[in-house]
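Data block below; observations after.
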Amino acid sequence: MNRKLYFLILLIFTALSLKAQETQFTHADTLRGSITPERAWWDVMRYDISVTPDFDKKYTSGFNNITYKVVAANHPDVMQIDLQQPLVIDSIIYDKKQSLSFSREGDVYFVKTEPQNIESEHEVKIYFSGKPHEAIRAPWDGGWTFTKDKKGRPWMTVTCQGLGASIWYPNKDHQSDEPDRGASLTMRVPKELMAVANGRMLAKTEHKDGTISYKWGVENPISNYTIIPYIGHYKNFSEVYTGIKGDLDLDYWVLDYNLEKAKDYMPPEVHNLLDAFEYWFGPYPFYEDGYKLVETEHTGMEHQSNVSYGNWYAGGYRGRDGSETGLGLTWDFIIIHESGHEWFGNNITTNDLADMYIHESFTNYSETLFLDYVYGEEAANDYNYGIRSGIQNDKPVIPAYGVNAQGSGDMYPKGGNMLHTIRHSMDDDKLFKNILTGLNMTFHNKTVDGSEIQEYISDKAGYDYSKVFEQYLTTTKIPKLQLYIDAPNSKMFYKYTNIVDGFNLPLVLKGSEEKIKIIPSAEWQSVDIQHKNQYLFTPWRIEHMYYVDVELLKSKD
Ligand SMILES: [Zn+2]
């Protein structure tokens with residue numbers, strides 16, 4: 001085929017497929033996933049949520065009292081509040097006295113307000129009720145779970161990452177706006193049930209009708225999707241962990257019949273994780289609110305200071321090892337992974353769901369770093385190499401911005417492998433650890449764009465990694481390192497193929513004593529080698545430290 005014609009057809013196909021991708025997003029996606037004018041003028045300061053779930057009727061009612069600050073001088077006289085159907089908003093009270101009118105477009109409510117002064121603080125108390133959406137396959141599909149424990153008694157919780165907290169209570173459902181002064185959750189339940197939520201228990205109120213209200217709360221900013229109720233026949237035990245910021249309260253809430261098993265099993269796992277992660281990432285981010293594991297029927301989720309746990313009190317991921325090395329079976333995947341999110345996800349939260357790779361790449365890599373801390377670098381490299389088999393490379397890790405789109409599942413193992421690659425290219429674990437700790441200090445309790453994290457890493461490393469991020473996050477191409485040995489002249493030739501323009505990943509190749517650093521590009525370069533360091537170019541050695549494919553060529557032409 002004529003080359004020009006070929007490229008013209010290719011161009012048309014590309015344009016059509018891009019168009020098709022674009023049109024998958026609706027106006028509702030934009031309302032959900034972007035900072036609309038009706039969201040931009042107010043900043044959430046606090047959520048005080050109250051809910052009464054009726055287990056038999058699978059019905060909930062309650063309110064969210066939103067305290068907010070006005071952050072724009074001239075603002076629309078409309079406020080966007082999200083609540084997903086079939087739940088409905090019943091009424092809204094402004095500053096404790098005035099009833100506000102509202103209209104609905106799908107899962108979005110436009111609430112009519114009056115002009116408010118910039119910097120002033122106000123409250124809207126939003127009453128809601130209805131039969132909420134139920135999770136079909138928690139935690140992957142969100143909503144309420146009304147299930148029964150092994151003894152046939154009620155057991156309830158919610159999962160809503162990605163889907164959004166508006167699946168169960170009204171709020172400003174955008175990841176970029178966390179309540180700056182924390183949140184509380186009050187659950188009113190029959191007296192035989194216990195209700196647990198984030199942070200610490202603040203109050204317990206007994207009512208004449210035989211119900212009890214449990215109020216829990218956090219002081220720290222919190223992502224709305226990690227505010228979660230757990231209701232069931234829970235019993236708890238507590239201990240104090242001496243961490244790098246002092247005493248940290250650890251609390252374990254498990255079903256009553258699992259209490260003795262949990263007492264033996266959970267604390268050692270949690271101590272190991274805190275030892276390892278405080279070493280790599282700095283102090284646990286929420287000492288004020290304590291750390292808590294709460295048993296659930298689903299596998300687990302990173303609810304802030306309130307981590308859900310359903311991994312059956314055994315190693316691996318319900319008995320499976322994603323790395324297929326056996327290394328993954330020696331520790332509890334859910335305790336380690338979901339708690340890793342306290343640093344990456346809960347402490348550092350991304351503004352847009354499209355940057356979710358910041359949460360999952362670092363937390364995936366926290367597994368490798370955990371192994372590194374406990375077993376050493378070789379085991380860590382094996383594990384990281386092992387999880388590579390889970391990478392699909394079917395689509396880029398970063399999806400569209402502004403429409404609440406979630407990227408490819410590759411954000412887990414591929415993201416972890418990208419960080420592993422960057423770490424080895426630095427060849428300075430002290431620096432790498434300082435970067436991880438520095439990220440958690442610099443962006444403590446902040447919401448960020450992925451680009452800010454990328455720039456921080458390049459800045460502190462003193463090397464521009466932007467092309468490396470571009471390669472692994474925005475394409476499905478795996479860099480190929482081509483090698484050619486010119487034995488008579490003791491030279492190793494090397495170059496990259498299958499890369500984005502300007503891809504500049506340095507490779508530090510290390511052995512027991514020998515070390516060679518090269519910065520391959522798309523052009524052939526060479527380095528002098530000797531008999532004793534030639535082994536550094538063995539493909540498996542390189543591939544265990546770097547997510548690249550190594551190819552040995554017989555000639556370089
Ligand atoms: Zn995760």
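Chains: A, B, ... in order of the structure tokens. Residues: from 1 per chain. Ligands: from 1, in order shown.
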Could you give me, as a Markdown table, a per-residue list for chain A showing, wherever an atom lies at most 8 Å from an atom of ligand 1, the closest pair of atoms and their distance in Å to one decimal, using only C-alpha atoms and all ligand atoms and sorting by chain then residue number from low to high?
```
| residue | atom | partner | partner_atom_place_in_ligand_line | distance |
| --- | --- | --- | --- | --- |
| A:Met301 | CA | ligand 1 | 1 (Zn) | 7.4 |
| A:Glu302 | CA | ligand 1 | 1 (Zn) | 7.0 |
| A:His337 | CA | ligand 1 | 1 (Zn) | 6.2 |
| A:Glu338 | CA | ligand 1 | 1 (Zn) | 5.9 |
| A:His341 | CA | ligand 1 | 1 (Zn) | 6.5 |
| A:His359 | CA | ligand 1 | 1 (Zn) | 6.8 |
| A:Glu360 | CA | ligand 1 | 1 (Zn) | 4.9 |
| A:Thr363 | CA | ligand 1 | 1 (Zn) | 6.0 |
| A:Asn364 | CA | ligand 1 | 1 (Zn) | 6.9 |
| A:Tyr412 | CA | ligand 1 | 1 (Zn) | 7.5 |
```
Could you give me the residues within segment 208-398 of chain A that DSSP places in helix (DSSP H, G or I), as a PyMOL selection string? chain A and resi 224-226+256-281+287-289+327-329+333-340+353-355+357-375+377-390
Write out as a list in words the residues lying within 10 Å of Val374 of chain A, counting only C-alpha atoms and excluding same-chain residues fewer than 3 positions away.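 Contacts, in chain order: Asn272, Leu273, Asp275, Ala276, Thr368, Leu369, Phe370, Leu371, Glu377, Ala379 and Ala380 of chain A.
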Those same residues, written as a CSV table (one decimal), in the first residue's frame with all heavy atoms?
```csv
chain,number,residue,atom,x,y,z
A,272,ASN,N,4.9,-5.8,62.6
A,272,ASN,CA,5.9,-5.9,61.5
A,272,ASN,C,5.6,-4.8,60.5
A,272,ASN,O,6.6,-4.2,60.0
A,272,ASN,CB,5.7,-7.3,60.8
A,272,ASN,CG,6.4,-8.4,61.5
A,272,ASN,OD1,7.3,-8.1,62.4
A,272,ASN,ND2,6.1,-9.6,61.2
A,273,LEU,N,4.3,-4.6,60.2
A,273,LEU,CA,4.0,-3.6,59.2
A,273,LEU,C,4.4,-2.2,59.6
A,273,LEU,O,5.0,-1.4,58.9
A,273,LEU,CB,2.6,-3.7,58.7
A,273,LEU,CG,1.5,-2.7,59.4
A,273,LEU,CD1,1.5,-1.4,58.7
A,273,LEU,CD2,0.2,-3.3,59.3
A,275,ASP,N,6.7,-1.4,61.9
A,275,ASP,CA,8.2,-1.4,61.9
A,275,ASP,C,8.7,-1.0,60.5
A,275,ASP,O,9.5,-0.2,60.3
A,275,ASP,CB,8.8,-2.7,62.3
A,275,ASP,CG,8.6,-3.0,63.8
A,275,ASP,OD1,8.1,-2.1,64.5
A,275,ASP,OD2,8.8,-4.2,64.2
A,276,ALA,N,8.2,-1.8,59.5
A,276,ALA,CA,8.7,-1.7,58.2
A,276,ALA,C,8.3,-0.3,57.5
A,276,ALA,O,9.1,0.3,56.9
A,276,ALA,CB,8.2,-2.8,57.3
A,368,THR,N,6.8,-4.9,48.4
A,368,THR,CA,8.2,-5.2,48.1
A,368,THR,C,9.1,-4.6,49.2
A,368,THR,O,10.1,-5.3,49.7
A,368,THR,CB,8.6,-4.7,46.7
A,368,THR,OG1,7.8,-5.4,45.7
A,368,THR,CG2,10.1,-4.9,46.4
A,369,LEU,N,8.8,-3.4,49.6
A,369,LEU,CA,9.6,-2.8,50.6
A,369,LEU,C,9.5,-3.5,52.0
A,369,LEU,O,10.4,-3.5,52.8
A,369,LEU,CB,9.3,-1.3,50.7
A,369,LEU,CG,9.6,-0.4,49.5
A,369,LEU,CD1,9.1,1.0,49.6
A,369,LEU,CD2,11.2,-0.4,49.3
A,370,PHE,N,8.3,-4.0,52.2
A,370,PHE,CA,8.0,-4.8,53.4
A,370,PHE,C,8.9,-6.0,53.4
A,370,PHE,O,9.6,-6.3,54.4
A,370,PHE,CB,6.6,-5.2,53.5
A,370,PHE,CG,6.2,-6.1,54.7
A,370,PHE,CD1,6.1,-5.6,55.9
A,370,PHE,CD2,6.1,-7.4,54.4
A,370,PHE,CE1,5.9,-6.4,57.0
A,370,PHE,CE2,5.8,-8.3,55.5
A,370,PHE,CZ,5.7,-7.8,56.8
A,371,LEU,N,8.9,-6.7,52.3
A,371,LEU,CA,9.8,-7.9,52.2
A,371,LEU,C,11.3,-7.5,52.3
A,371,LEU,O,12.1,-8.2,52.9
A,371,LEU,CB,9.6,-8.5,50.8
A,371,LEU,CG,8.4,-9.5,50.8
A,371,LEU,CD1,8.0,-9.9,49.4
A,371,LEU,CD2,8.8,-10.8,51.5
A,377,GLU,N,17.0,-7.6,50.4
A,377,GLU,CA,16.8,-7.1,49.0
A,377,GLU,C,16.6,-8.2,48.0
A,377,GLU,O,15.8,-8.1,47.1
A,377,GLU,CB,18.1,-6.3,48.6
A,377,GLU,CG,17.8,-5.6,47.3
A,377,GLU,CD,19.0,-4.6,46.9
A,377,GLU,OE1,19.8,-4.3,47.8
A,377,GLU,OE2,19.0,-4.2,45.7
A,379,ALA,N,15.1,-11.2,48.3
A,379,ALA,CA,13.7,-11.6,48.3
A,379,ALA,C,12.8,-10.6,47.8
A,379,ALA,O,11.9,-10.9,47.0
A,379,ALA,CB,13.4,-11.9,49.8
A,380,ALA,N,13.1,-9.4,48.1
A,380,ALA,CA,12.3,-8.3,47.5
A,380,ALA,C,12.3,-8.2,46.0
A,380,ALA,O,11.3,-8.1,45.4
A,380,ALA,CB,12.7,-6.9,48.1
```
Can you list every residue in segment 228-296 of chain A that DSSP puts in strand (DSSP E), as a PyMOL selection string? chain A and resi 230-232+234-243+246-255+291-295
If we count only C-alpha atoms and set the cut-off at 7 Å, which residues sit around segment 95-111 of chain A, ignoring sequence neighbours fewer than 2 positions away in its own chain? Please answer as a PDB file with N, CA, C and O atoms, in the first residue's frame.
```pdb
ATOM      1  N   VAL A  78     -25.848  28.612  43.716  1.00  0.00           N
ATOM      2  CA  VAL A  78     -26.201  27.185  43.681  1.00  0.00           C
ATOM      3  C   VAL A  78     -25.025  26.359  44.198  1.00  0.00           C
ATOM      4  O   VAL A  78     -23.870  26.664  43.916  1.00  0.00           O
ATOM      5  N   MET A  79     -25.356  25.329  44.950  1.00  0.00           N
ATOM      6  CA  MET A  79     -24.351  24.442  45.529  1.00  0.00           C
ATOM      7  C   MET A  79     -24.623  23.028  45.017  1.00  0.00           C
ATOM      8  O   MET A  79     -25.765  22.591  45.031  1.00  0.00           O
ATOM      9  N   GLN A  80     -23.561  22.349  44.558  1.00  0.00           N
ATOM     10  CA  GLN A  80     -23.754  20.965  44.075  1.00  0.00           C
ATOM     11  C   GLN A  80     -23.534  19.966  45.202  1.00  0.00           C
ATOM     12  O   GLN A  80     -22.482  19.937  45.831  1.00  0.00           O
ATOM     13  N   ILE A  81     -24.536  19.160  45.446  1.00  0.00           N
ATOM     14  CA  ILE A  81     -24.435  18.069  46.439  1.00  0.00           C
ATOM     15  C   ILE A  81     -24.711  16.751  45.707  1.00  0.00           C
ATOM     16  O   ILE A  81     -25.619  16.664  44.890  1.00  0.00           O
ATOM     17  N   ASP A  82     -23.912  15.744  46.010  1.00  0.00           N
ATOM     18  CA  ASP A  82     -24.069  14.453  45.335  1.00  0.00           C
ATOM     19  C   ASP A  82     -24.713  13.427  46.256  1.00  0.00           C
ATOM     20  O   ASP A  82     -24.327  13.310  47.422  1.00  0.00           O
ATOM     21  N   LEU A  83     -25.671  12.711  45.723  1.00  0.00           N
ATOM     22  CA  LEU A  83     -26.257  11.560  46.417  1.00  0.00           C
ATOM     23  C   LEU A  83     -26.828  10.636  45.354  1.00  0.00           C
ATOM     24  O   LEU A  83     -27.653  11.040  44.538  1.00  0.00           O
ATOM     25  N   GLN A  84     -26.337   9.400  45.348  1.00  0.00           N
ATOM     26  CA  GLN A  84     -26.719   8.494  44.266  1.00  0.00           C
ATOM     27  C   GLN A  84     -28.048   7.796  44.530  1.00  0.00           C
ATOM     28  O   GLN A  84     -28.331   7.400  45.658  1.00  0.00           O
ATOM     29  N   GLN A  85     -28.803   7.664  43.486  1.00  0.00           N
ATOM     30  CA  GLN A  85     -30.100   6.988  43.556  1.00  0.00           C
ATOM     31  C   GLN A  85     -29.893   5.513  43.896  1.00  0.00           C
ATOM     32  O   GLN A  85     -28.844   4.982  43.581  1.00  0.00           O
ATOM     33  N   ILE A  92     -33.081  20.104  53.410  1.00  0.00           N
ATOM     34  CA  ILE A  92     -31.770  20.711  53.674  1.00  0.00           C
ATOM     35  C   ILE A  92     -31.977  21.959  54.534  1.00  0.00           C
ATOM     36  O   ILE A  92     -32.794  22.828  54.205  1.00  0.00           O
ATOM     37  N   ILE A  93     -31.246  22.022  55.632  1.00  0.00           N
ATOM     38  CA  ILE A  93     -31.353  23.160  56.552  1.00  0.00           C
ATOM     39  C   ILE A  93     -30.040  23.927  56.545  1.00  0.00           C
ATOM     40  O   ILE A  93     -28.969  23.349  56.741  1.00  0.00           O
ATOM     41  N   THR A 113     -28.910  28.660  47.147  1.00  0.00           N
ATOM     42  CA  THR A 113     -28.381  29.316  48.350  1.00  0.00           C
ATOM     43  C   THR A 113     -28.414  30.827  48.165  1.00  0.00           C
ATOM     44  O   THR A 113     -28.718  31.322  47.089  1.00  0.00           O
ATOM     45  N   HIS A 122     -20.270  28.290  57.069  1.00  0.00           N
ATOM     46  CA  HIS A 122     -21.696  27.977  57.188  1.00  0.00           C
ATOM     47  C   HIS A 122     -21.888  26.474  57.277  1.00  0.00           C
ATOM     48  O   HIS A 122     -20.953  25.710  57.099  1.00  0.00           O
ATOM     49  N   GLU A 123     -23.150  26.105  57.540  1.00  0.00           N
ATOM     50  CA  GLU A 123     -23.478  24.675  57.604  1.00  0.00           C
ATOM     51  C   GLU A 123     -24.698  24.393  56.747  1.00  0.00           C
ATOM     52  O   GLU A 123     -25.609  25.220  56.679  1.00  0.00           O
ATOM     53  N   VAL A 124     -24.676  23.250  56.110  1.00  0.00           N
ATOM     54  CA  VAL A 124     -25.923  22.716  55.543  1.00  0.00           C
ATOM     55  C   VAL A 124     -26.114  21.315  56.114  1.00  0.00           C
ATOM     56  O   VAL A 124     -25.196  20.496  56.098  1.00  0.00           O
TER      57      VAL A 124
END
```
Find the spatial neighbours of Tyr317 of chain A, counting only C-alpha atoms, within a cut-off of 12 Å - ignore same-chain residues fewer than 2 positions away - and output them as a list in words. His298, Thr299, Gly300, Tyr309, Gly310, Asn311, Trp312, Tyr313, Ala314, Gly315, Gly319, Arg320, Asp321, Gly322, Ser323, Glu324, Gly326, Leu327, Gly328, Leu329, Thr330, Trp331, Asp332, Phe333, Ile334, Ile335, Ile336, His337 and Glu338 of chain A
Write the selection just made, keeping C-alpha atoms, as an mmCIF file, in the first residue's frame?
```cif
data_model
loop_
_atom_site.group_PDB
_atom_site.id
_atom_site.type_symbol
_atom_site.label_atom_id
_atom_site.label_comp_id
_atom_site.auth_asym_id
_atom_site.auth_seq_id
_atom_site.Cartn_x
_atom_site.Cartn_y
_atom_site.Cartn_z
ATOM 1 C CA HIS A 298 -15.124 -8.733 51.956
ATOM 2 C CA THR A 299 -11.341 -9.030 51.574
ATOM 3 C CA GLY A 300 -10.357 -5.580 52.739
ATOM 4 C CA TYR A 309 -9.889 -6.925 57.164
ATOM 5 C CA GLY A 310 -11.348 -10.092 55.617
ATOM 6 C CA ASN A 311 -8.298 -12.190 54.802
ATOM 7 C CA TRP A 312 -9.290 -15.249 56.869
ATOM 8 C CA TYR A 313 -6.403 -14.948 59.366
ATOM 9 C CA ALA A 314 -3.817 -16.435 57.017
ATOM 10 C CA GLY A 315 -0.899 -15.475 54.795
ATOM 11 C CA GLY A 319 -4.173 -18.100 50.490
ATOM 12 C CA ARG A 320 -2.856 -16.945 47.109
ATOM 13 C CA ASP A 321 0.532 -15.475 46.263
ATOM 14 C CA GLY A 322 0.427 -13.104 43.299
ATOM 15 C CA SER A 323 4.198 -13.328 42.910
ATOM 16 C CA GLU A 324 4.132 -17.143 42.670
ATOM 17 C CA GLY A 326 6.035 -18.461 47.811
ATOM 18 C CA LEU A 327 7.277 -15.249 49.413
ATOM 19 C CA GLY A 328 3.781 -13.796 49.318
ATOM 20 C CA LEU A 329 2.420 -16.528 51.595
ATOM 21 C CA THR A 330 4.566 -15.656 54.578
ATOM 22 C CA TRP A 331 2.680 -12.451 55.507
ATOM 23 C CA ASP A 332 -0.891 -11.234 55.484
ATOM 24 C CA PHE A 333 -1.428 -9.423 52.192
ATOM 25 C CA ILE A 334 -4.473 -7.468 53.342
ATOM 26 C CA ILE A 335 -2.935 -6.205 56.584
ATOM 27 C CA ILE A 336 0.196 -5.072 54.755
ATOM 28 C CA HIS A 337 -1.326 -3.705 51.550
ATOM 29 C CA GLU A 338 -4.378 -1.954 52.976
#
```
All residues 7 Å or closer to Lys414 of chain A, only C-alpha atoms, same chain fewer than 4 positions away omitted, as a PyMOL selection string: chain A and resi 388+391+410+418
Applying 12 Å and only C-alpha atoms, which residues near Asp429 of chain A remain after dropping the ones on its own chain fewer than 4 positions away? List them as a list in words.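 Counting only C-alpha atoms, the residues come to Tyr279, Trp280, Leu369, Asp372, Tyr373, Glu377, His420, Ile422, Arg423, His424, Ser425, Lys433, Asn434, Ile435, Leu436, Thr437 and Ala461 of chain A.
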Just to be explicit: take each residue in the selection above, keep C-alpha atoms, and write the result as a tab-separated table (two decimals), in the first residue's frame.
```tsv
chain	number	residue	atom	x	y	z
A	279	TYR	CA	11.22	2.84	58.45
A	280	TRP	CA	10.49	3.45	54.75
A	369	LEU	CA	9.63	-2.77	50.61
A	372	ASP	CA	13.03	-5.94	51.79
A	373	TYR	CA	12.77	-4.86	55.43
A	377	GLU	CA	16.84	-7.13	49.04
A	420	HIS	CA	11.36	-0.59	41.72
A	422	ILE	CA	13.46	4.03	39.54
A	423	ARG	CA	14.80	2.98	42.93
A	424	HIS	CA	17.51	0.80	41.39
A	425	SER	CA	18.43	3.48	38.89
A	433	LYS	CA	13.89	6.24	51.58
A	434	ASN	CA	14.31	10.00	52.14
A	435	ILE	CA	12.16	10.65	49.07
A	436	LEU	CA	9.40	8.35	50.34
A	437	THR	CA	9.51	9.88	53.80
A	461	ALA	CA	16.76	12.59	43.03
```
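Counting only C-alpha atoms and comparing A:Asn198, A:Asn404, A:Thr476, A:Thr226, the residue that lies closest to Ala28 of chain A is A:Asn404.
Minimum distance to Thr147 of chain A across A:Pro86, A:Glu134, A:Ala165, A:Gly345 (counting only C-alpha atoms) occurs at A:Glu134.
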Measure the distance from atom CA of Val508 of chain A to atom CA of Glu543 of chain A in Å and round it to one decimal.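 Computing it gives 11.9 Å between the two atoms.
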Residue among A:Asp501, A:Asp251, A:Asp528, A:Glu367 lying closest to Glu470 of chain A, counting only C-alpha atoms: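 Answer, going by the shortest atom-to-atom distance: A:Asp501.
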